[in-house]
file entry_37.txt (compact mmCIF, C-alpha atoms)
# COMPACT_ATOMS: atom_id res chain seq x y z
CA MET A 1 -0.70 0.94 -10.31
CA PRO A 2 1.44 -0.35 -7.45
CA MET A 3 4.34 -2.76 -7.42
CA ALA A 4 5.70 -5.28 -4.96
CA ILE A 5 9.25 -4.49 -3.79
CA GLN A 6 12.11 -6.51 -2.35
CA LEU A 7 11.39 -5.36 1.22
CA GLY A 8 8.90 -7.63 2.91
CA THR A 9 7.48 -9.65 5.77
CA THR A 10 8.59 -13.17 6.66
CA LEU A 11 6.28 -15.48 8.57
CA GLU A 12 7.48 -18.78 10.01
CA ALA A 13 4.44 -20.77 11.07
CA GLU A 14 3.27 -24.24 11.93
CA PRO A 15 -0.11 -25.56 13.08
CA SER A 16 -0.81 -25.30 16.79
CA LEU A 17 -2.40 -28.16 18.68
CA GLU A 18 -3.42 -25.93 21.58
CA GLY A 19 -6.58 -24.42 20.07
CA ARG A 20 -5.13 -20.93 19.91
CA THR A 21 -2.75 -18.86 17.83
CA CYS A 22 0.44 -17.40 19.29
CA VAL A 23 2.50 -14.99 17.21
CA ARG A 24 5.86 -13.54 18.20
CA SER A 25 6.68 -10.25 16.48
CA ASP A 26 10.24 -8.98 16.26
CA ALA A 27 9.03 -5.50 15.27
CA PHE A 28 6.91 -5.13 18.42
CA GLY A 29 9.13 -7.22 20.66
CA GLU A 30 6.30 -9.29 22.08
CA GLU A 31 4.12 -12.35 21.64
CA ARG A 32 0.33 -12.21 21.34
CA CYS A 33 -2.01 -15.17 21.72
CA PHE A 34 -5.72 -15.59 21.08
CA GLY A 35 -8.30 -18.33 20.65
CA ASP A 36 -11.51 -18.45 18.65
CA GLU A 37 -13.14 -15.39 20.19
CA LEU A 38 -11.41 -13.00 17.73
CA ALA A 39 -12.06 -9.95 19.88
CA ARG A 40 -10.30 -6.75 18.90
CA ASP A 41 -7.78 -5.42 21.43
CA ARG A 42 -6.32 -2.52 19.36
CA SER A 43 -2.98 -4.27 18.97
CA TRP A 44 -1.10 -5.46 15.90
CA ALA A 45 -2.63 -8.91 16.47
CA ASP A 46 -5.97 -7.51 15.28
CA TYR A 47 -4.65 -7.79 11.71
CA VAL A 48 -4.15 -11.54 12.22
CA LYS A 49 -7.59 -11.87 13.78
CA GLY A 50 -9.03 -9.90 10.86
CA VAL A 51 -7.68 -12.44 8.39
CA TYR A 52 -9.14 -15.26 10.48
CA HIS A 53 -12.48 -13.42 10.61
CA ALA A 54 -12.47 -13.04 6.82
CA ILE A 55 -11.77 -16.75 6.39
CA ARG A 56 -14.65 -17.54 8.73
CA LEU A 57 -16.99 -15.27 6.73
CA LYS A 58 -16.23 -17.32 3.62
CA GLY A 59 -17.48 -20.41 5.42
CA LEU A 60 -13.96 -21.83 5.69
CA ARG A 61 -11.93 -22.92 8.70
CA TYR A 62 -8.66 -21.34 9.71
CA VAL A 63 -5.80 -23.20 11.36
CA HIS A 64 -4.42 -21.98 14.66
CA LEU A 65 -0.71 -21.28 14.39
CA ARG A 66 2.48 -21.02 16.34
CA ALA A 67 4.25 -18.28 14.46
CA HIS A 68 7.19 -15.91 14.32
CA VAL A 69 6.95 -12.80 12.12
CA TYR A 70 9.77 -10.49 11.14
CA GLY A 71 11.11 -8.64 8.12
CA ASP A 72 12.67 -5.52 6.67
CA LEU A 73 9.54 -3.69 5.54
CA PRO A 74 9.08 -0.67 7.88
CA ILE A 75 5.80 -0.41 9.77
CA GLY A 76 3.51 2.61 9.36
CA SER A 77 5.68 4.04 6.61
CA GLY A 78 3.31 4.15 3.65
CA LEU A 79 4.83 1.02 2.08
CA SER A 80 1.83 -1.25 2.70
CA SER A 81 3.25 -3.00 5.75
CA SER A 82 -0.24 -3.92 6.96
CA ALA A 83 -1.14 -5.56 3.65
CA SER A 84 2.18 -7.41 3.63
CA PHE A 85 1.50 -8.64 7.17
CA GLU A 86 -2.06 -9.70 6.30
CA MET A 87 -1.01 -11.53 3.16
CA ALA A 88 1.71 -13.44 5.00
CA PHE A 89 -0.93 -14.90 7.30
CA ALA A 90 -3.48 -15.37 4.53
CA VAL A 91 -0.98 -17.29 2.38
CA ALA A 92 0.01 -19.41 5.39
CA GLN A 93 -3.63 -20.20 6.10
CA ASP A 94 -4.28 -21.13 2.50
CA GLU A 95 -1.23 -23.42 2.48
CA LEU A 96 -1.51 -25.04 5.90
CA GLY A 97 -5.31 -25.11 5.96
CA ARG A 98 -5.55 -26.31 2.36
CA LEU A 99 -8.18 -23.69 1.60
CA GLY A 100 -7.65 -23.87 -2.16
CA LEU A 101 -7.94 -20.12 -2.70
CA SER A 102 -6.72 -18.24 -5.75
CA ARG A 103 -4.25 -15.39 -5.32
CA LEU A 104 -7.07 -12.96 -5.98
CA GLU A 105 -9.23 -14.57 -3.30
CA ILE A 106 -6.33 -14.35 -0.87
CA ALA A 107 -6.00 -10.64 -1.64
CA ARG A 108 -9.71 -10.21 -0.89
CA LEU A 109 -9.17 -11.73 2.56
CA GLY A 110 -6.94 -8.78 3.44
CA LYS A 111 -9.46 -6.22 2.24
CA ASP A 112 -12.26 -7.94 4.17
CA ALA A 113 -10.05 -8.07 7.27
CA GLU A 114 -9.58 -4.30 7.15
CA ASN A 115 -13.11 -3.35 6.13
CA LEU A 116 -15.19 -5.82 8.13
CA PHE A 117 -13.06 -6.45 11.22
CA LEU A 118 -10.75 -3.48 11.68
CA GLY A 119 -13.20 -0.87 10.40
CA ILE A 120 -10.71 0.70 7.97
CA PRO A 121 -12.41 1.86 4.72
CA SER A 122 -9.48 0.75 2.56
CA GLY A 123 -9.44 -0.73 -0.91
CA ILE A 124 -7.72 -3.81 -2.25
CA LEU A 125 -4.83 -2.19 -4.12
CA ASP A 126 -2.12 -2.96 -1.56
CA GLN A 127 -3.12 -6.61 -1.27
CA LEU A 128 -3.22 -6.94 -5.06
CA ALA A 129 0.33 -5.61 -5.26
CA VAL A 130 1.55 -8.12 -2.67
CA MET A 131 -0.19 -11.08 -4.27
CA MET A 132 0.14 -10.29 -7.99
CA GLY A 133 3.53 -8.57 -8.12
CA GLU A 134 6.30 -9.98 -10.28
CA GLU A 135 9.93 -9.05 -10.69
CA GLY A 136 10.38 -6.09 -13.04
CA ARG A 137 6.64 -5.48 -13.31
CA ALA A 138 4.12 -2.98 -11.95
CA VAL A 139 0.52 -4.11 -11.37
CA PHE A 140 -1.99 -2.07 -13.36
CA ALA A 141 -5.27 -2.97 -11.65
CA ASP A 142 -8.92 -2.02 -11.91
CA THR A 143 -10.07 -2.31 -8.30
CA GLU A 144 -13.71 -2.34 -9.40
CA THR A 145 -13.52 -5.32 -11.76
CA LEU A 146 -10.28 -6.74 -10.24
CA ASN A 147 -8.87 -7.19 -13.73
CA TYR A 148 -5.15 -6.52 -13.81
CA GLU A 149 -2.18 -6.34 -16.15
CA LEU A 150 1.52 -6.68 -15.39
CA VAL A 151 3.34 -3.72 -16.94
CA PRO A 152 7.14 -3.83 -17.46
CA VAL A 153 9.26 -1.28 -15.61
CA PRO A 154 12.43 -0.36 -17.56
CA ASP A 155 15.61 -1.99 -16.27
CA ASP A 156 17.55 1.28 -16.37
CA VAL A 157 15.59 2.98 -13.58
CA GLU A 158 15.03 2.42 -9.87
CA PHE A 159 13.06 4.04 -7.08
CA LEU A 160 14.25 5.80 -3.96
CA ALA A 161 11.78 5.20 -1.13
CA PHE A 162 12.26 7.83 1.59
CA HIS A 163 10.59 7.38 4.96
CA THR A 164 10.15 10.80 6.57
CA GLY A 165 10.18 9.42 10.11
CA VAL A 166 6.64 10.73 10.55
CA ARG A 167 4.53 7.76 11.57
CA ARG A 168 1.06 7.54 10.20
CA ALA A 169 -1.89 5.32 11.03
CA VAL A 170 -4.69 5.21 8.48
CA ALA A 171 -7.41 4.53 11.04
CA ASP A 172 -6.34 7.56 13.12
CA THR A 173 -6.14 10.10 10.29
CA GLU A 174 -8.67 11.90 8.13
CA TYR A 175 -8.39 9.20 5.49
CA SER A 176 -11.96 8.08 6.15
CA ARG A 177 -13.19 11.65 5.67
CA ARG A 178 -11.70 11.69 2.19
CA VAL A 179 -13.43 8.41 1.37
CA GLU A 180 -16.74 9.74 2.67
CA ALA A 181 -16.44 12.92 0.61
CA VAL A 182 -15.72 10.99 -2.59
CA THR A 183 -18.62 8.62 -1.89
CA SER A 184 -20.92 11.58 -1.28
CA GLY A 185 -19.89 13.13 -4.58
CA LEU A 186 -20.52 9.91 -6.48
CA ARG A 187 -23.93 9.56 -4.87
CA ALA A 188 -24.87 13.12 -5.79
CA LEU A 189 -23.92 12.47 -9.42
CA GLY A 190 -25.73 9.11 -9.52
CA ALA A 191 -22.47 7.38 -10.40
CA ARG A 192 -21.46 3.95 -9.19
CA SER A 193 -17.77 4.47 -9.87
CA SER A 194 -15.33 7.34 -10.31
CA LYS A 195 -14.59 5.90 -13.75
CA GLU A 196 -18.06 7.07 -14.83
CA VAL A 197 -17.35 10.69 -13.89
CA LYS A 198 -15.95 13.18 -16.40
CA GLU A 199 -14.28 16.38 -15.28
CA GLU A 200 -17.14 18.43 -16.74
CA ASN A 201 -19.60 16.58 -14.47
CA LEU A 202 -17.89 18.00 -11.38
CA ALA A 203 -19.47 21.42 -11.89
CA ARG A 204 -22.66 19.91 -10.45
CA LEU A 205 -20.94 19.44 -7.09
CA SER A 206 -19.65 21.87 -4.50
CA GLY A 207 -17.50 21.93 -1.39
CA GLU A 208 -15.47 18.98 -0.21
CA PRO A 209 -17.18 16.30 -2.37
CA ARG A 210 -16.28 18.26 -5.51
CA LYS A 211 -12.71 18.89 -4.40
CA ARG A 212 -11.96 15.30 -3.36
CA LEU A 213 -13.72 13.59 -6.25
CA ALA A 214 -12.02 15.92 -8.73
CA TYR A 215 -8.67 14.66 -7.51
CA VAL A 216 -9.78 11.03 -7.97
CA VAL A 217 -10.98 11.69 -11.52
CA ARG A 218 -7.67 13.30 -12.44
CA GLU A 219 -5.74 10.48 -10.78
CA ASN A 220 -7.69 7.91 -12.81
CA ARG A 221 -6.50 9.69 -15.94
CA ARG A 222 -2.92 9.83 -14.68
CA VAL A 223 -2.85 6.10 -13.94
CA LEU A 224 -3.87 5.32 -17.51
CA GLU A 225 -1.24 7.72 -18.82
CA ALA A 226 1.39 6.21 -16.50
CA ARG A 227 0.56 2.71 -17.74
CA ASP A 228 0.96 3.88 -21.32
CA ALA A 229 4.24 5.62 -20.48
CA LEU A 230 5.61 2.38 -19.01
CA ARG A 231 4.45 0.38 -22.01
CA ARG A 232 6.57 2.58 -24.29
CA GLY A 233 9.43 2.93 -21.79
CA ASP A 234 8.97 6.70 -21.43
CA VAL A 235 10.38 7.33 -17.96
CA GLU A 236 10.38 11.12 -18.40
CA ALA A 237 6.61 11.11 -18.95
CA LEU A 238 6.17 8.77 -15.99
CA GLY A 239 8.22 11.10 -13.80
CA ARG A 240 6.13 14.12 -14.76
CA LEU A 241 2.97 12.22 -13.87
CA LEU A 242 4.36 11.22 -10.48
CA THR A 243 5.18 14.83 -9.60
CA GLU A 244 1.85 16.12 -10.90
CA ALA A 245 0.07 13.51 -8.78
CA HIS A 246 1.96 14.58 -5.66
CA TRP A 247 1.02 18.23 -5.90
CA ASP A 248 -2.59 17.29 -6.60
CA LEU A 249 -2.52 15.13 -3.47
CA ALA A 250 -0.96 17.99 -1.51
CA LYS A 251 -3.18 20.84 -2.68
CA GLU A 252 -6.52 19.27 -3.55
CA TYR A 253 -6.73 15.99 -1.63
CA GLU A 254 -4.74 17.53 1.24
CA VAL A 255 -2.97 14.45 2.55
CA SER A 256 0.64 15.60 2.24
CA THR A 257 2.94 17.13 4.85
CA PRO A 258 5.81 19.65 4.73
CA GLU A 259 8.26 16.76 5.06
CA LEU A 260 6.84 14.92 2.06
CA ASP A 261 6.69 18.12 0.01
CA PHE A 262 10.33 18.83 0.80
CA PHE A 263 11.40 15.41 -0.43
CA VAL A 264 9.53 15.83 -3.71
CA GLU A 265 10.97 19.31 -4.33
CA PHE A 266 14.51 18.26 -3.44
CA SER A 267 14.43 15.07 -5.49
CA VAL A 268 13.09 16.69 -8.65
CA SER A 269 15.57 19.56 -8.37
CA HIS A 270 18.43 17.07 -7.94
CA GLY A 271 17.87 14.92 -10.98
CA ALA A 272 14.90 12.65 -10.28
CA TYR A 273 12.45 12.14 -13.13
CA GLY A 274 9.61 12.66 -10.67
CA ALA A 275 8.48 12.02 -7.11
CA ARG A 276 5.33 11.64 -5.02
CA LEU A 277 4.06 10.45 -1.68
CA THR A 278 2.85 6.87 -1.35
CA GLY A 279 0.07 5.23 0.61
CA ALA A 280 -2.58 7.32 2.31
CA GLY A 281 -0.27 10.23 3.08
CA PHE A 282 -0.29 12.14 6.40
CA GLY A 283 3.37 11.20 6.82
CA GLY A 284 5.16 8.01 5.93
CA THR A 285 7.01 7.60 2.67
CA ALA A 286 7.53 9.24 -0.70
CA ILE A 287 9.25 7.80 -3.75
CA ALA A 288 11.45 9.26 -6.46
CA LEU A 289 12.09 7.76 -9.89
CA VAL A 290 15.77 7.92 -10.82
CA ASP A 291 18.27 6.38 -13.21
CA ARG A 292 19.57 3.02 -12.04
CA GLY A 293 22.55 3.44 -9.77
CA LYS A 294 21.64 6.97 -8.67
CA GLY A 295 19.15 6.18 -5.90
CA ALA A 296 21.73 5.84 -3.14
CA THR A 297 23.43 9.13 -4.00
CA LEU A 298 20.11 10.96 -3.94
CA GLY A 299 19.13 9.21 -0.71
CA GLU A 300 22.26 10.37 1.06
CA ALA A 301 21.90 13.93 -0.21
CA VAL A 302 18.24 14.36 0.67
CA ALA A 303 18.70 12.76 4.11
CA LYS A 304 21.54 15.16 4.95
CA GLU A 305 19.45 18.22 4.07
CA TYR A 306 16.31 16.74 5.63
CA VAL A 307 17.77 16.30 9.13
CA ALA A 308 18.95 19.91 9.04
CA ARG A 309 15.37 21.07 8.48
CA PHE A 310 13.11 18.63 10.32
CA PRO A 311 13.20 17.03 13.80
CA HIS A 312 12.73 13.50 12.47
CA ARG A 313 15.07 10.65 11.71
CA PRO A 314 14.51 9.51 8.12
CA SER A 315 15.24 6.17 6.50
CA TRP A 316 15.60 5.37 2.83
CA TRP A 317 15.87 2.39 0.53
CA VAL A 318 16.58 1.86 -3.14
CA VAL A 319 13.83 -0.41 -4.44
CA ARG A 320 12.73 -2.09 -7.63
CA PRO A 321 9.66 -4.16 -8.55
CA ALA A 322 9.99 -7.67 -7.13
CA ALA A 323 8.03 -10.90 -6.82
CA GLY A 324 5.11 -10.88 -4.42
CA ALA A 325 4.04 -13.30 -1.70
CA LYS A 326 5.23 -16.89 -1.92
CA VAL A 327 5.56 -20.04 0.15
CA VAL A 328 9.19 -20.89 0.66
CA SER A 329 8.83 -24.36 2.13
CA VAL A 330 6.34 -26.56 3.91
CA ARG A 331 7.38 -29.29 6.34
CA PRO A 332 5.72 -32.66 5.75
call {"tool": "encode", "arguments": {"input": "entry_37.txt", "output": "structure tokens"}}
result
Amino acid sequence: MPMAIQLGTTLEAEPSLEGRTCVRSDAFGEERCFGDELARDRSWADYVKGVYHAIRLKGLRYVHLRAHVYGDLPIGSGLSSSASFEMAFAVAQDELGRLGLSRLEIARLGKDAENLFLGIPSGILDQLAVMMGEEGRAVFADTETLNYELVPVPDDVEFLAFHTGVRRAVADTEYSRRVEAVTSGLRALGARSSKEVKEENLARLSGEPRKRLAYVVRENRRVLEARDALRRGDVEALGRLLTEAHWDLAKEYEVSTPELDFFVEFSVSHGAYGARLTGAGFGGTAIALVDRGKGATLGEAVAKEYVARFPHRPSWWVVRPAAGAKVVSVRP
């Protein structure tokens, strides 16, 4: 159950008449160009090529672009910067190439780019958040059926997003090992989806598949409970679920770090309703749920203590659910 936030990626693009795409990135301080070969070169441009590859797989034609990309969403921080980047290009392609895709189909382009071109075994949750998000709403989504519901987030709370300064890269971590273990557990149980697995079924498994799949089953339950808490405006219950999820991620799924754990402990002990890591873990960002107007105070306090304990430079932002991807203007 993610949400889009006010931090984001801006893409200025127009069709290129040169038969190749050239993108200038402020974040990386360089320009990358490529033609129709779409060969991976292990650079940030592979995410653009991945979107083009996904468009090609659908039997559609992409438009080569001259583009400039920039924004205030930090890269590699656990705030879905890659999905934001992908969706910027996918939305531009849909608009300039007149592909006629739905927002859900555009989200699928990002998942296919990561799975089929980049080789990252990711799901579609991040792309759904970027494409379906609305102001003041979280996106409760079933990533199996792709049904979703927009759930209101109370106006009297906000989130502190705290970047630990520890960069993470999903493809270079043990993220894929966790996916493989869960898949192995499902296969052993003859289940197509984690939604089919009850906690009592887990006794039939052992080792890593049992441990990792058990976390997923519990997290499925927590997501449903979190949705219900939001529906009734119960931020205390939501906070408890966030914190419970973090320690399950830390102890059973084993994707947390001492830096992330410190943030959660500090935030909860200093007035947050709850806190947890975001994204795939292994560094990056954690969030804390706080009363509106208190995020900045907590951010300053935790950052001061954090730099005294860890050799990293943190960043933090106060965020709220915001509208997702949109086209601002199109020149005739």
call {"tool": "atom_distance", "arguments": {"input": "entry_37.txt", "atom1": "atom CA of Ser267 of chain A", "atom2": "atom CA of Ala296 of chain A"}}
result
12.0 Å
call {"tool": "closest_residue", "arguments": {"input": "entry_37.txt", "among": "A:Leu101, A:Ala4, A:Ser77, A:His270", "to": "Met131 of chain A", "atoms": "all atoms listed in the file"}}
result
A:Ala4
call {"tool": "axis_aligned_box", "arguments": {"input": "entry_37.txt", "around": "segment 210-217 of chain A", "padding_each_side": "8 Å", "output": "JSON"}}
result
{"center_x": -12.5, "center_y": 15.0, "center_z": -7.4, "size_x": 23.6, "size_y": 23.9, "size_z": 24.2}
call {"tool": "closest_residue", "arguments": {"input": "entry_37.txt", "among": "A:Leu277, A:Leu160, A:Leu224, A:Ile287", "to": "Gly299 of chain A", "atoms": "all atoms listed in the file"}}
result
A:Leu160
call {"tool": "closest_residue", "arguments": {"input": "entry_37.txt", "among": "A:Gly271, A:Gly71, A:Pro209, A:Pro154", "to": "Thr9 of chain A", "atoms": "all atoms listed in the file"}}
result
A:Gly71
call {"tool": "residues_around", "arguments": {"input": "entry_37.txt", "residues": "Glu200 of chain A", "least_positions_apart": "6", "cutoff": "12 Å", "atoms": "only C-alpha atoms", "output": "mmCIF file with C-alpha atoms, in the frame of the given file"}}
result
data_model
loop_
_atom_site.group_PDB
_atom_site.id
_atom_site.type_symbol
_atom_site.label_atom_id
_atom_site.label_comp_id
_atom_site.auth_asym_id
_atom_site.auth_seq_id
_atom_site.Cartn_x
_atom_site.Cartn_y
_atom_site.Cartn_z
ATOM 1 C CA LEU A 189 -23.920 12.470 -9.420
ATOM 2 C CA ARG A 210 -16.280 18.260 -5.510
ATOM 3 C CA ALA A 214 -12.020 15.920 -8.730
ATOM 4 C CA VAL A 217 -10.980 11.690 -11.520
ATOM 5 C CA ARG A 218 -7.670 13.300 -12.440
#
call {"tool": "residues_around", "arguments": {"input": "entry_37.txt", "residues": "Asp228 of chain A", "least_positions_apart": "4", "cutoff": "12 Å", "atoms": "only C-alpha atoms", "output": "PyMOL selection string"}}
result
chain A and resi 1+140+149+151-153+221-224+232-235+237-238+241
call {"tool": "atom_distance", "arguments": {"input": "entry_37.txt", "atom1": "atom CA of Lys326 of chain A", "atom2": "atom CA of Ala88 of chain A"}}
result
8.5 Å
call {"tool": "residues_around", "arguments": {"input": "entry_37.txt", "residues": "Arg187 of chain A", "least_positions_apart": "5", "cutoff": "12 Å", "atoms": "all atoms listed in the file", "output": "number ranges by chain"}}
result
A: 180-182, 192-194, 196-197, 204-205, 209-210, 213
call {"tool": "residues_around", "arguments": {"input": "entry_37.txt", "residues": "Glu244 of chain A", "least_positions_apart": "3", "cutoff": "12 Å", "atoms": "all atoms listed in the file", "output": "list of chain:residue names"}}
result
A:Tyr215, A:Arg218, A:Glu219, A:Arg221, A:Arg222, A:Val223, A:Glu225, A:Ala226, A:Ala237, A:Leu238, A:Gly239, A:Arg240, A:Leu241, A:Trp247, A:Asp248, A:Leu249, A:Ala250, A:Lys251, A:Glu252, A:Val264, A:Glu265, A:Val268, A:Tyr273, A:Gly274, A:Ala275, A:Arg276, A:Leu277
call {"tool": "write_last_selection", "arguments": {"input": "entry_37.txt", "atoms": "C-alpha atoms", "output": "short mmCIF file (atom, residue, chain, number, x, y, z; two decimals), in the coordinates of the input"}}
result
data_model
loop_
_atom_site.label_atom_id
_atom_site.label_comp_id
_atom_site.auth_asym_id
_atom_site.auth_seq_id
_atom_site.Cartn_x
_atom_site.Cartn_y
_atom_site.Cartn_z
CA TYR A 215 -8.67 14.66 -7.51
CA ARG A 218 -7.67 13.30 -12.44
CA GLU A 219 -5.74 10.48 -10.78
CA ARG A 221 -6.50 9.69 -15.94
CA ARG A 222 -2.92 9.83 -14.68
CA VAL A 223 -2.85 6.10 -13.94
CA GLU A 225 -1.24 7.72 -18.82
CA ALA A 226 1.39 6.21 -16.50
CA ALA A 237 6.61 11.11 -18.95
CA LEU A 238 6.17 8.77 -15.99
CA GLY A 239 8.22 11.10 -13.80
CA ARG A 240 6.13 14.12 -14.76
CA LEU A 241 2.97 12.22 -13.87
CA TRP A 247 1.02 18.23 -5.90
CA ASP A 248 -2.59 17.29 -6.60
CA LEU A 249 -2.52 15.13 -3.47
CA ALA A 250 -0.96 17.99 -1.51
CA LYS A 251 -3.18 20.84 -2.68
CA GLU A 252 -6.52 19.27 -3.55
CA VAL A 264 9.53 15.83 -3.71
CA GLU A 265 10.97 19.31 -4.33
CA VAL A 268 13.09 16.69 -8.65
CA TYR A 273 12.45 12.14 -13.13
CA GLY A 274 9.61 12.66 -10.67
CA ALA A 275 8.48 12.02 -7.11
CA ARG A 276 5.33 11.64 -5.02
CA LEU A 277 4.06 10.45 -1.68
#
call {"tool": "residues_around", "arguments": {"input": "entry_37.txt", "residues": "Arg20 of chain A", "least_positions_apart": "4", "cutoff": "12 Å", "atoms": "all atoms listed in the file", "output": "mmCIF file with C-alpha atoms, keeping the file's coordinate frame"}}
result
data_model
loop_
_atom_site.group_PDB
_atom_site.id
_atom_site.type_symbol
_atom_site.label_atom_id
_atom_site.label_comp_id
_atom_site.auth_asym_id
_atom_site.auth_seq_id
_atom_site.Cartn_x
_atom_site.Cartn_y
_atom_site.Cartn_z
ATOM 1 C CA PRO A 15 -0.110 -25.560 13.080
ATOM 2 C CA SER A 16 -0.810 -25.300 16.790
ATOM 3 C CA ARG A 32 0.330 -12.210 21.340
ATOM 4 C CA CYS A 33 -2.010 -15.170 21.720
ATOM 5 C CA PHE A 34 -5.720 -15.590 21.080
ATOM 6 C CA GLY A 35 -8.300 -18.330 20.650
ATOM 7 C CA ASP A 36 -11.510 -18.450 18.650
ATOM 8 C CA GLU A 37 -13.140 -15.390 20.190
ATOM 9 C CA LEU A 38 -11.410 -13.000 17.730
ATOM 10 C CA LYS A 49 -7.590 -11.870 13.780
ATOM 11 C CA TYR A 52 -9.140 -15.260 10.480
ATOM 12 C CA TYR A 62 -8.660 -21.340 9.710
ATOM 13 C CA VAL A 63 -5.800 -23.200 11.360
ATOM 14 C CA HIS A 64 -4.420 -21.980 14.660
ATOM 15 C CA LEU A 65 -0.710 -21.280 14.390
ATOM 16 C CA ARG A 66 2.480 -21.020 16.340
ATOM 17 C CA ALA A 67 4.250 -18.280 14.460
#
call {"tool": "atom_distance", "arguments": {"input": "entry_37.txt", "atom1": "atom CA of Leu79 of chain A", "atom2": "atom CA of Gly324 of chain A"}}
result
13.6 Å
call {"tool": "closest_residue", "arguments": {"input": "entry_37.txt", "among": "A:Leu146, A:His53, A:Ala129, A:Gly281", "to": "Gly78 of chain A", "atoms": "all atoms listed in the file"}}
result
A:Gly281
call {"tool": "closest_residue", "arguments": {"input": "entry_37.txt", "among": "A:Thr243, A:Thr257, A:Gln127, A:Ser25", "to": "Ala288 of chain A", "atoms": "only C-alpha atoms"}}
result
A:Thr243
call {"tool": "closest_residue", "arguments": {"input": "entry_37.txt", "among": "A:Ala188, A:Met132, A:Leu99, A:Ala308", "to": "Ile5 of chain A", "atoms": "only C-alpha atoms"}}
result
A:Met132
call {"tool": "closest_atom_pairs", "arguments": {"input": "entry_37.txt", "of": "segment 259-303 of chain A", "to": "segment 109-126 of chain A", "cutoff": "12 Å", "atoms": "all atoms listed in the file", "output": "Markdown table"}}
result
| residue | atom | partner | partner_atom | distance |
| --- | --- | --- | --- | --- |
| A:Thr278 | CA | A:Asp126 | CA | 11.0 |
| A:Gly279 | CA | A:Asp126 | CA | 8.8 |
| A:Ala280 | CA | A:Ser122 | CA | 9.5 |
